[in-house]
$ cat protein_22.txt   # compact mmCIF, C-alpha atoms
# COMPACT_ATOMS: atom_id res chain seq x y z
CA MET A 1 -6.33 19.63 0.04
CA ILE A 2 -9.51 17.76 -0.67
CA SER A 3 -9.63 14.09 0.25
CA ILE A 4 -11.27 11.11 -1.43
CA VAL A 5 -13.00 11.35 -4.79
CA ALA A 6 -16.10 9.34 -5.72
CA LEU A 7 -16.08 9.22 -9.49
CA SER A 8 -18.91 8.16 -11.70
CA HIS A 9 -18.00 4.81 -13.23
CA ALA A 10 -18.99 2.84 -16.30
CA SER A 11 -17.48 0.31 -18.63
CA PRO A 12 -15.81 1.56 -20.75
CA PRO A 13 -14.84 4.49 -18.45
CA SER A 14 -15.53 7.04 -21.21
CA SER A 15 -19.24 6.23 -21.04
CA ALA A 16 -19.56 7.43 -17.43
CA ASN A 17 -21.85 10.45 -17.21
CA GLY A 18 -23.05 10.38 -13.60
CA GLN A 19 -22.29 12.73 -10.74
CA SER A 20 -18.79 12.72 -9.22
CA LEU A 21 -18.18 13.90 -5.64
CA TYR A 22 -15.13 14.72 -3.54
CA GLY A 23 -14.42 14.81 0.15
CA GLY A 24 -13.71 17.76 2.38
CA VAL A 25 -10.44 19.43 3.31
CA ASN A 26 -8.63 17.53 6.04
CA THR A 27 -5.25 17.16 7.72
CA THR A 28 -4.58 13.62 6.53
CA SER A 29 -5.00 14.30 2.83
CA THR A 30 -3.04 17.54 3.09
CA LEU A 31 -0.05 15.71 4.53
CA ALA A 32 -0.45 12.75 2.19
CA SER A 33 -0.60 15.04 -0.83
CA ALA A 34 2.50 17.09 -0.06
CA VAL A 35 4.75 16.71 -3.08
CA ALA A 36 8.21 17.59 -1.77
CA PHE A 37 9.68 14.39 -3.17
CA GLY A 38 8.04 15.10 -6.52
CA SER A 39 9.70 18.50 -6.44
CA LYS A 40 13.09 16.83 -6.11
CA ILE A 41 12.41 14.46 -9.01
CA PHE A 42 11.33 17.24 -11.39
CA ASN A 43 14.29 19.36 -10.35
CA GLU A 44 16.62 16.50 -11.29
CA LEU A 45 14.86 16.32 -14.65
CA GLY A 46 15.64 20.00 -15.25
CA MET A 47 12.03 21.16 -14.86
CA THR A 48 13.03 23.70 -12.27
CA ALA A 49 10.00 25.99 -12.49
CA TYR A 50 7.56 23.14 -11.95
CA SER A 51 9.80 21.76 -9.23
CA ALA A 52 9.65 25.11 -7.43
CA THR A 53 5.86 25.17 -7.73
CA LEU A 54 5.61 21.72 -6.17
CA LEU A 55 7.99 22.64 -3.37
CA GLN A 56 6.02 25.80 -2.58
CA SER A 57 2.84 23.74 -2.54
CA ALA A 58 4.41 21.15 -0.24
CA THR A 59 5.67 23.85 2.11
CA GLU A 60 2.22 25.41 2.31
CA ALA A 61 0.66 21.99 2.89
CA TRP A 62 3.03 21.44 5.81
CA GLU A 63 2.25 24.84 7.30
CA TRP A 64 -1.51 24.31 7.02
CA ALA A 65 -1.37 20.82 8.50
CA ASP A 66 0.95 21.98 11.27
CA SER A 67 -1.55 24.70 12.21
CA ASN A 68 -4.57 22.41 11.72
CA PRO A 69 -3.47 19.02 13.06
CA ASN A 70 -6.89 17.51 13.71
CA VAL A 71 -9.19 18.44 10.85
CA ILE A 72 -11.02 15.18 10.25
CA TRP A 73 -13.25 14.24 7.33
CA GLU A 74 -14.72 10.76 7.13
CA ASN A 75 -16.24 9.29 3.98
CA ASN A 76 -19.11 6.80 4.20
CA SER A 77 -20.26 8.45 7.41
CA SER A 78 -23.65 9.86 8.31
CA SER A 79 -21.87 12.23 10.74
CA TYR A 80 -20.14 13.85 7.78
CA ASN A 81 -23.10 13.54 5.37
CA SER A 82 -20.92 11.37 3.18
CA VAL A 83 -22.62 7.98 2.97
CA GLY A 84 -21.79 6.40 -0.39
CA ILE A 85 -18.65 8.42 -1.07
CA GLY A 86 -15.78 6.02 -1.67
CA ALA A 87 -15.33 2.49 -0.43
CA GLY A 88 -14.30 1.69 3.12
CA GLN A 89 -12.88 4.49 5.24
CA GLN A 90 -10.09 6.73 3.96
CA GLU A 91 -9.57 8.68 7.16
CA THR A 92 -6.78 7.40 9.38
CA ASP A 93 -6.12 7.75 13.11
CA THR A 94 -3.82 9.95 15.18
CA TYR A 95 -0.84 7.69 14.56
CA GLY A 96 -1.57 7.56 10.85
CA ARG A 97 -1.58 11.38 10.64
CA PHE A 98 1.66 11.48 12.63
CA ALA A 99 3.28 9.01 10.23
CA TYR A 100 2.20 11.13 7.23
CA LYS A 101 3.65 14.19 8.94
CA MET A 102 6.96 12.42 9.49
CA ARG A 103 7.14 11.51 5.79
CA THR A 104 6.33 15.07 4.82
CA ALA A 105 8.95 16.48 7.19
CA ILE A 106 11.65 14.14 5.90
CA HIS A 107 10.99 14.88 2.24
CA LEU A 108 10.84 18.62 2.96
CA TYR A 109 14.14 18.40 4.84
CA ASP A 110 15.61 16.54 1.87
CA ALA A 111 14.35 19.18 -0.55
CA THR A 112 15.18 22.30 1.51
CA ASN A 113 17.76 21.39 4.20
CA ASN A 114 15.61 23.53 6.50
CA SER A 115 16.26 22.83 10.18
CA THR A 116 12.55 23.09 11.02
CA TYR A 117 11.90 19.75 9.36
CA LYS A 118 15.04 18.15 10.80
CA THR A 119 14.06 19.22 14.29
CA TYR A 120 10.55 17.85 13.93
CA THR A 121 11.87 14.55 12.58
CA GLU A 122 14.51 14.05 15.23
CA ASN A 123 12.19 15.07 18.07
CA ASN A 124 9.61 12.51 16.97
CA TYR A 125 11.23 9.66 15.05
CA GLN A 126 11.34 7.39 18.09
CA ASN A 127 7.53 7.36 18.10
CA ILE A 128 7.39 5.49 14.79
CA HIS A 129 6.46 1.90 15.69
CA MET A 130 9.68 0.49 14.28
CA LEU A 131 11.52 2.19 17.13
CA LEU A 132 8.73 2.37 19.68
CA TRP A 133 8.02 -1.36 19.41
CA ASN A 134 11.42 -2.46 18.09
CA TYR A 135 9.44 -4.20 15.36
CA THR A 136 9.17 -4.15 11.57
CA TYR A 137 6.26 -5.50 9.54
CA PRO A 138 4.75 -4.91 6.10
CA PHE A 139 1.79 -2.80 7.24
CA GLU A 140 4.26 0.00 8.07
CA GLN A 141 6.81 -0.60 5.33
CA GLU A 142 6.52 3.00 4.16
CA ASN A 143 7.14 4.36 7.68
CA GLN A 144 10.17 2.11 8.08
CA GLU A 145 11.54 2.96 4.64
CA ILE A 146 11.28 6.70 5.21
CA LEU A 147 13.40 6.43 8.37
CA LEU A 148 16.06 4.53 6.44
CA TYR A 149 15.89 7.22 3.80
CA TYR A 150 16.29 9.93 6.44
CA ALA A 151 19.35 8.12 7.79
CA SER A 152 20.93 8.37 4.32
CA LEU A 153 20.59 12.17 4.06
CA PRO A 154 23.42 14.63 4.73
CA GLY A 155 23.38 16.64 7.94
CA VAL A 156 21.39 14.17 10.01
CA THR A 157 22.48 13.81 13.65
CA THR A 158 24.90 10.89 13.92
CA SER A 159 23.16 9.23 16.87
CA VAL A 160 19.85 9.28 14.99
CA VAL A 161 21.46 7.59 12.01
CA SER A 162 22.97 4.94 14.29
CA THR A 163 19.70 4.25 16.05
CA ILE A 164 17.82 3.75 12.80
CA LYS A 165 20.54 1.69 11.14
CA ASN A 166 20.93 -0.55 14.18
CA THR A 167 17.22 -1.06 14.78
CA TYR A 168 16.20 -2.03 11.24
CA PRO A 169 18.52 -5.03 10.76
CA ASN A 170 17.88 -6.21 14.30
CA THR A 171 14.13 -6.28 13.75
CA MET A 172 14.58 -7.88 10.33
CA ASN A 173 16.24 -10.84 12.04
CA SER A 174 12.91 -11.79 13.62
CA SER A 175 11.17 -15.08 12.88
CA ASN A 176 8.59 -13.27 10.73
CA ASN A 177 11.20 -11.60 8.56
CA PHE A 178 14.58 -13.24 7.83
CA GLY A 179 13.46 -16.20 9.95
CA GLY A 180 10.70 -16.90 7.45
CA PHE A 181 13.27 -16.85 4.64
CA THR A 182 15.88 -18.99 6.40
CA ASN A 183 13.42 -21.58 7.64
CA GLU A 184 11.31 -21.49 4.44
CA THR A 185 8.25 -21.19 6.63
CA ASP A 186 5.82 -20.51 3.79
CA PRO A 187 5.03 -23.18 1.15
CA TYR A 188 5.38 -20.50 -1.55
CA LEU A 189 8.63 -19.28 0.10
CA ALA A 190 7.13 -15.82 0.67
CA ASN A 191 6.30 -15.80 4.36
CA LEU A 192 3.47 -13.58 5.58
CA THR A 193 1.81 -13.97 8.95
CA GLU A 194 -1.39 -11.98 8.42
CA TYR A 195 -3.57 -12.30 5.33
CA VAL A 196 -6.28 -9.67 5.01
CA TRP A 197 -8.23 -8.13 2.13
CA GLY A 198 -5.65 -6.98 -0.42
CA SER A 199 -3.02 -9.46 0.71
CA ASN A 200 -1.05 -9.20 -2.55
CA GLY A 201 -0.31 -5.60 -1.58
CA THR A 202 0.88 -6.74 1.83
CA LYS A 203 3.04 -9.38 0.18
CA ALA A 204 4.55 -6.76 -2.11
CA ARG A 205 5.35 -4.52 0.87
CA LYS A 206 6.96 -7.45 2.67
CA GLY A 207 9.21 -7.91 -0.35
CA LEU A 208 10.02 -4.21 -0.28
CA MET A 209 11.18 -4.58 3.33
CA PHE A 210 13.97 -6.78 1.98
CA THR A 211 14.84 -4.45 -0.89
CA ASP A 212 14.94 -1.60 1.64
CA TYR A 213 17.47 -3.70 3.53
CA VAL A 214 19.64 -3.96 0.41
CA ASN A 215 19.20 -0.36 -0.71
CA SER A 216 20.14 1.07 2.68
CA ASN A 217 23.20 -1.22 2.76
CA ILE A 218 23.08 -1.62 6.52
CA ASN A 219 24.58 -5.11 6.54
CA SER A 220 26.19 -5.84 3.21
CA ALA A 221 27.13 -9.38 4.24
CA ASN A 222 23.42 -10.21 4.21
CA ASN A 223 22.49 -8.36 1.01
CA ASP A 224 22.50 -11.47 -1.19
CA ASN A 225 20.04 -13.20 1.11
CA ALA A 226 17.89 -10.08 1.37
CA LEU A 227 17.67 -9.78 -2.41
CA LYS A 228 16.85 -13.46 -2.74
CA ALA A 229 14.14 -13.10 -0.12
CA ALA A 230 12.69 -10.08 -1.94
CA GLU A 231 12.66 -11.92 -5.26
CA ARG A 232 10.63 -14.72 -3.72
CA PHE A 233 7.78 -12.29 -3.10
CA ILE A 234 7.79 -11.33 -6.78
CA HIS A 235 7.77 -15.02 -7.68
CA TYR A 236 4.79 -15.55 -5.36
CA ILE A 237 2.79 -12.93 -7.23
CA GLN A 238 3.92 -13.57 -10.80
CA GLY A 239 4.66 -17.28 -10.65
CA ILE A 240 7.97 -18.95 -11.43
CA ASN A 241 9.12 -21.39 -14.07
CA PRO A 242 9.79 -24.87 -12.67
CA MET B 1 -0.25 -12.69 -21.01
CA TYR B 2 -0.90 -16.14 -22.45
CA ASP B 3 0.63 -14.88 -25.71
CA TYR B 4 3.86 -14.32 -23.79
CA GLY B 5 4.06 -17.78 -22.22
CA SER B 6 2.11 -17.57 -18.98
CA ASP B 7 0.39 -20.81 -17.99
CA ASN B 8 -2.03 -19.91 -15.23
CA GLY B 9 -2.89 -16.27 -15.71
CA VAL B 10 -5.57 -14.26 -13.95
CA ASN B 11 -8.52 -14.22 -16.33
CA GLU B 12 -10.76 -11.74 -14.57
CA PHE B 13 -10.96 -9.59 -11.44
CA TYR B 14 -13.42 -7.33 -9.69
CA HIS B 15 -13.16 -3.84 -11.17
CA THR B 16 -15.83 -1.45 -12.43
CA TRP B 17 -14.05 -0.94 -15.74
CA PHE B 18 -13.88 -4.69 -16.38
CA GLY B 19 -17.25 -5.64 -14.96
CA ASP B 20 -18.92 -9.02 -15.00
CA GLY B 21 -20.82 -9.57 -18.23
CA THR B 22 -19.08 -6.82 -20.23
CA ASN B 23 -16.68 -7.20 -23.15
CA TRP B 24 -13.86 -6.52 -20.68
CA ASP B 25 -14.91 -9.24 -18.22
CA ASN B 26 -12.78 -12.33 -18.92
CA VAL B 27 -9.64 -12.62 -21.03
CA GLN B 28 -10.55 -16.14 -22.20
CA ASN B 29 -14.26 -15.80 -22.85
CA ASP B 30 -14.95 -12.19 -23.83
CA LEU B 31 -14.11 -9.89 -26.72
CA TYR B 32 -11.32 -8.00 -24.91
CA GLY B 33 -10.98 -9.08 -21.30
CA PRO B 34 -9.43 -6.78 -18.71
CA ALA B 35 -6.36 -4.69 -19.52
CA PRO B 36 -3.04 -6.34 -18.59
CA GLY B 37 -0.83 -5.16 -15.77
CA PHE B 38 -3.33 -5.05 -12.93
CA LEU B 39 -2.40 -6.78 -9.69
CA THR B 40 -5.34 -8.56 -8.11
CA GLY B 41 -6.18 -8.14 -4.43
CA GLY B 42 -4.87 -11.60 -3.64
CA PRO B 43 -5.94 -14.34 -1.24
CA ASN B 44 -8.41 -13.35 1.45
CA PRO B 45 -9.11 -16.01 4.08
CA SER B 46 -11.85 -13.79 5.55
CA TYR B 47 -13.88 -13.91 2.32
CA ASN B 48 -17.55 -14.70 2.64
CA TRP B 49 -20.69 -13.92 0.70
CA ASP B 50 -22.93 -11.13 1.92
CA ALA B 51 -25.00 -11.71 5.03
CA CYS B 52 -28.19 -11.57 2.92
CA CYS B 53 -27.27 -14.94 1.34
CA PRO B 54 -28.36 -17.56 0.57
CA SER B 55 -31.84 -16.34 -0.34
CA GLY B 56 -32.52 -12.79 0.84
CA CYS B 57 -30.58 -10.66 -1.64
CA SER B 58 -33.34 -9.06 -3.69
CA GLY B 59 -33.39 -12.00 -6.07
CA LEU B 60 -29.67 -11.86 -6.86
CA THR B 61 -27.78 -15.15 -7.01
CA CYS B 62 -25.76 -16.49 -4.11
CA ASN B 63 -23.25 -19.03 -5.42
CA SER B 64 -22.44 -21.57 -2.74
CA ASN B 65 -19.89 -23.32 -4.98
CA GLN B 66 -17.87 -20.13 -5.15
CA VAL B 67 -17.87 -19.75 -1.39
CA ASP B 68 -16.81 -23.38 -1.01
CA ARG B 69 -13.88 -22.88 -3.37
CA ILE B 70 -12.46 -20.17 -1.10
CA MET B 71 -13.52 -20.77 2.48
CA GLY B 72 -11.63 -23.42 4.40
CA GLN B 73 -8.60 -23.24 2.11
CA PRO B 74 -5.12 -22.57 3.50
CA LYS B 75 -4.82 -18.80 3.76
CA GLN B 76 -2.34 -18.65 0.86
CA LYS B 77 -4.93 -20.34 -1.38
CA ALA B 78 -8.06 -18.49 -0.28
CA TYR B 79 -8.51 -17.12 -3.79
CA ASP B 80 -10.74 -17.67 -6.81
CA ASP B 81 -10.72 -16.32 -10.38
CA PHE B 82 -14.04 -14.44 -10.37
CA ASN B 83 -15.47 -10.94 -10.55
CA THR B 84 -19.15 -11.24 -9.73
CA SER B 85 -20.61 -8.33 -7.86
CA TRP B 86 -22.77 -8.05 -4.74
CA PRO B 87 -23.67 -10.22 -2.92
CA MET B 88 -20.67 -12.37 -3.94
CA ASN B 89 -17.94 -9.75 -4.32
CA SER B 90 -14.80 -9.96 -2.23
$ encode --input "protein_22.txt" --output "structure tokens"
Amino acid sequence: MISIVALSHASPPSSANGQSLYGGVNTTSTLASAVAFGSKIFNELGMTAYSATLLQSATEAWEWADSNPNVIWENNSSSYNSVGIGAGQQETDTYGRFAYKMRTAIHLYDATNNSTYKTYTENNYQNIHMLLWNYTYPFEQENQEILLYYASLPGVTTSVVSTIKNTYPNTMNSSNNFGGFTNETDPYLANLTEYVWGSNGTKARKGLMFTDYVNSNINSANNDNALKAAERFIHYIQGINP
Amino acid sequence: MYDYGSDNGVNEFYHTWFGDGTNWDNVQNDLYGPAPGFLTGGPNPSYNWDACCPSGCSGLTCNSNQVDRIMGQPKQKAYDDFNTSWPMNS
């Protein structure tokens, strides 16, 4: 899989006629581009041939990344002759590649029921920060959500399910999460501790942490509060009528 | 979104397709304004103008009023409705 693209831009976009470039093959983009979940969606829509194509592609992406775990390609880097391609840095670190691999394994297990992916997931899931640190936060919402999703799948080892389903609500009871909701810490009622570039995205992911709580139904007695907390993040972004 | 009852909508944001000074720049002042449905980046308490400011940016304008509107605000309010490019972009 290629990585980042640097497209020629203009306004309107149809007037762009400059050179477009793309990044090199690397492990990160191969794992990030695996489309096992897409395969499942198209299969449910009855597009079985396309679904099979996507699943084959995802399987091959897994196999390549598994055999080539550290192929790095950095944009905007003189070391990679890529200065000017893309904004910022698209390449992640060792943990980031591991997290992508976990997501790929879980979606491939979901799509195939193949024990290879289950074994990888269950041998490594405790290294996701949610479990390693006993901590949940919006910058890893996707990594947390995929573990909850794994815990919902058939055939998963019971102790793994228990560990995930016990850890998530415990960490969500922290002062940064449900504590921020209960104590109305934030003046906009959408508590976030760290604001960085793109903070609306972080806010949205924080809201998703609460919808993940509801969707995984790990503590139904708290679902009403979780949904209310999630809605407050939407209100923060879109505004609310007085 | 003003046609649908919004009171304090985002009028413009930094995006190549909806660049400053084009017909797609500002929904209030320009022929089209940006397309609806985009979510802006949001507040950024680390915002600052480029290090070349205030006077060493190849003749491009450094707007101190814009910096003042953002810097020093509570982090939830470190935001301004603008889309000027370098050296003032977010």
$ interface_residues --input "protein_22.txt" --of "chain A" --to "chain B" --cutoff "6 Å" --atoms "all atoms listed in the file" --output "PyMOL selection string"
chain A and resi 11-12+196-200
$ closest_residue --input "protein_22.txt" --among "A:Glu145, A:Glu63, A:Glu44, A:Glu91" --to "Tyr213 of chain A" --atoms "only C-alpha atoms"
A:Glu145
$ closest_residue --input "protein_22.txt" --among "B:Leu31, B:Ala51, B:Val10, B:Met71" --to "Asn83 of chain B" --atoms "only C-alpha atoms"
B:Val10
$ atom_distance --input "protein_22.txt" --atom1 "atom CA of Ser64 of chain B" --atom2 "atom CA of Ile237 of chain A"
27.0 Å
$ atom_distance --input "protein_22.txt" --atom1 "atom CA of Ser175 of chain A" --atom2 "atom CA of Ile240 of chain A"
24.8 Å
$ atom_distance --input "protein_22.txt" --atom1 "atom CA of Val161 of chain A" --atom2 "atom CA of Phe233 of chain A"
28.5 Å
$ residues_near_point --input "protein_22.txt" --point "(9.7, -12.4, -2.3)" --cutoff "6 Å" --atoms "only C-alpha atoms" --output "ChimeraX atom specification"
/A:190,207,229-234
$ closest_residue --input "protein_22.txt" --among "A:Asp93, A:Leu208, A:Ala151, A:Ala226" --to "Thr182 of chain A" --atoms "all atoms listed in the file"
A:Ala226
$ closest_residue --input "protein_22.txt" --among "B:Pro54, B:Gly5, B:Glu12, B:Trp86" --to "Tyr32 of chain B" --atoms "all atoms listed in the file"
B:Glu12
$ residues_around --input "protein_22.txt" --residues "Asp20 of chain B" --least-positions-apart "5" --cutoff "12 Å" --atoms "all atoms listed in the file" --output "MDAnalysis selection string"
(chainID A and resid 10:11) or (chainID B and resid 11:15 25:27 29:30 33:34 81:86 88:89)
$ residues_around --input "protein_22.txt" --residues "Gln89 of chain A" --least-positions-apart "5" --cutoff "8 Å" --atoms "only C-alpha atoms" --output "list in words"
Glu74, Asn75 and Asn76 of chain A
$ axis_aligned_box --input "protein_22.txt" --around "segment 58-68 of chain B" --padding-each-side "3 Å" --output "lines of an AutoDock Vina configuration file"
center_x = -25.1
center_y = -16.2
center_z = -4.0
size_x = 22.6
size_y = 20.3
size_z = 12.0
$ residues_around --input "protein_22.txt" --residues "Tyr95 of chain A" --least-positions-apart "4" --cutoff "12 Å" --atoms "all atoms listed in the file" --output "PDB file with C-alpha atoms, in the frame of the given file"
ATOM      1  CA  THR A  28      -4.580  13.620   6.530  1.00  0.00           C
ATOM      2  CA  PRO A  69      -3.470  19.020  13.060  1.00  0.00           C
ATOM      3  CA  ASN A  70      -6.890  17.510  13.710  1.00  0.00           C
ATOM      4  CA  GLU A  91      -9.570   8.680   7.160  1.00  0.00           C
ATOM      5  CA  ALA A  99       3.280   9.010  10.230  1.00  0.00           C
ATOM      6  CA  TYR A 100       2.200  11.130   7.230  1.00  0.00           C
ATOM      7  CA  LYS A 101       3.650  14.190   8.940  1.00  0.00           C
ATOM      8  CA  MET A 102       6.960  12.420   9.490  1.00  0.00           C
ATOM      9  CA  ASN A 124       9.610  12.510  16.970  1.00  0.00           C
ATOM     10  CA  ASN A 127       7.530   7.360  18.100  1.00  0.00           C
ATOM     11  CA  ILE A 128       7.390   5.490  14.790  1.00  0.00           C
ATOM     12  CA  HIS A 129       6.460   1.900  15.690  1.00  0.00           C
ATOM     13  CA  GLU A 140       4.260   0.000   8.070  1.00  0.00           C
ATOM     14  CA  ASN A 143       7.140   4.360   7.680  1.00  0.00           C
TER      15      ASN A 143
END
$ closest_residue --input "protein_22.txt" --among "A:Gly23, A:Pro138, A:Gly155, A:Gly38" --to "Val5 of chain A" --atoms "all atoms listed in the file"
A:Gly23
$ decode --input "protein_22.txt" --residues "segment 121-143 of chain A" --atoms "N, CA, C and O atoms" --output "short mmCIF file (atom, residue, chain, number, x, y, z; two decimals), in the first residue's frame"
data_model
loop_
_atom_site.label_atom_id
_atom_site.label_comp_id
_atom_site.auth_asym_id
_atom_site.auth_seq_id
_atom_site.Cartn_x
_atom_site.Cartn_y
_atom_site.Cartn_z
N THR A 121 -4.62 -11.37 18.61
CA THR A 121 -5.33 -10.38 19.44
C THR A 121 -5.20 -10.72 20.92
O THR A 121 -4.86 -9.86 21.74
N GLU A 122 -5.43 -11.96 21.26
CA GLU A 122 -5.47 -12.32 22.68
C GLU A 122 -4.06 -12.40 23.29
O GLU A 122 -3.91 -12.29 24.51
N ASN A 123 -3.06 -12.61 22.46
CA ASN A 123 -1.69 -12.58 22.96
C ASN A 123 -1.18 -11.16 23.19
O ASN A 123 -0.16 -10.97 23.87
N ASN A 124 -1.86 -10.19 22.61
CA ASN A 124 -1.32 -8.82 22.62
C ASN A 124 -2.26 -7.75 23.16
O ASN A 124 -1.82 -6.61 23.37
N TYR A 125 -3.52 -8.09 23.42
CA TYR A 125 -4.48 -7.03 23.74
C TYR A 125 -4.11 -6.29 25.02
O TYR A 125 -4.43 -5.11 25.18
N GLN A 126 -3.41 -6.94 25.92
CA GLN A 126 -3.07 -6.27 27.19
C GLN A 126 -2.00 -5.19 27.00
O GLN A 126 -1.70 -4.46 27.94
N ASN A 127 -1.44 -5.11 25.81
CA ASN A 127 -0.46 -4.05 25.54
C ASN A 127 -1.08 -2.77 24.98
O ASN A 127 -0.38 -1.77 24.79
N ILE A 128 -2.39 -2.81 24.69
CA ILE A 128 -3.08 -1.56 24.37
C ILE A 128 -3.16 -0.72 25.65
O ILE A 128 -3.44 -1.24 26.73
N HIS A 129 -2.92 0.58 25.51
CA HIS A 129 -2.77 1.43 26.70
C HIS A 129 -3.95 1.37 27.66
O HIS A 129 -3.77 1.53 28.87
N MET A 130 -5.13 1.15 27.13
CA MET A 130 -6.30 1.06 28.01
C MET A 130 -6.08 0.03 29.11
O MET A 130 -6.44 0.24 30.27
N LEU A 131 -5.46 -1.08 28.73
CA LEU A 131 -5.19 -2.13 29.71
C LEU A 131 -3.83 -1.96 30.36
O LEU A 131 -3.66 -2.17 31.57
N LEU A 132 -2.86 -1.56 29.56
CA LEU A 132 -1.50 -1.41 30.10
C LEU A 132 -1.44 -0.32 31.16
O LEU A 132 -0.76 -0.47 32.18
N TRP A 133 -2.17 0.76 30.91
CA TRP A 133 -2.16 1.90 31.83
C TRP A 133 -3.41 1.96 32.71
O TRP A 133 -3.52 2.83 33.56
N ASN A 134 -4.37 1.10 32.43
CA ASN A 134 -5.68 1.17 33.10
C ASN A 134 -6.25 2.59 32.95
O ASN A 134 -6.64 3.25 33.92
N TYR A 135 -6.34 3.03 31.69
CA TYR A 135 -6.62 4.44 31.42
C TYR A 135 -7.30 4.58 30.07
O TYR A 135 -6.90 3.93 29.10
N THR A 136 -8.34 5.40 30.01
CA THR A 136 -8.99 5.69 28.73
C THR A 136 -9.01 7.20 28.49
O THR A 136 -9.28 7.98 29.40
N TYR A 137 -8.74 7.59 27.25
CA TYR A 137 -8.72 9.00 26.89
C TYR A 137 -8.97 9.12 25.39
O TYR A 137 -8.86 8.14 24.65
N PRO A 138 -9.37 10.34 24.95
CA PRO A 138 -9.85 10.45 23.57
C PRO A 138 -8.80 10.21 22.49
O PRO A 138 -9.16 9.85 21.37
N PHE A 139 -7.52 10.40 22.81
CA PHE A 139 -6.50 10.22 21.78
C PHE A 139 -6.35 8.75 21.37
O PHE A 139 -5.69 8.45 20.38
N GLU A 140 -6.93 7.83 22.14
CA GLU A 140 -6.92 6.41 21.75
C GLU A 140 -8.33 5.84 21.73
O GLU A 140 -8.52 4.65 21.96
N GLN A 141 -9.29 6.70 21.41
CA GLN A 141 -10.68 6.21 21.38
C GLN A 141 -10.85 5.03 20.44
O GLN A 141 -11.55 4.07 20.74
N GLU A 142 -10.19 5.09 19.29
CA GLU A 142 -10.34 3.99 18.33
C GLU A 142 -9.76 2.68 18.88
O GLU A 142 -10.32 1.60 18.65
N ASN A 143 -8.64 2.77 19.59
CA ASN A 143 -8.03 1.56 20.15
C ASN A 143 -8.90 0.97 21.26
O ASN A 143 -8.98 -0.25 21.42
#
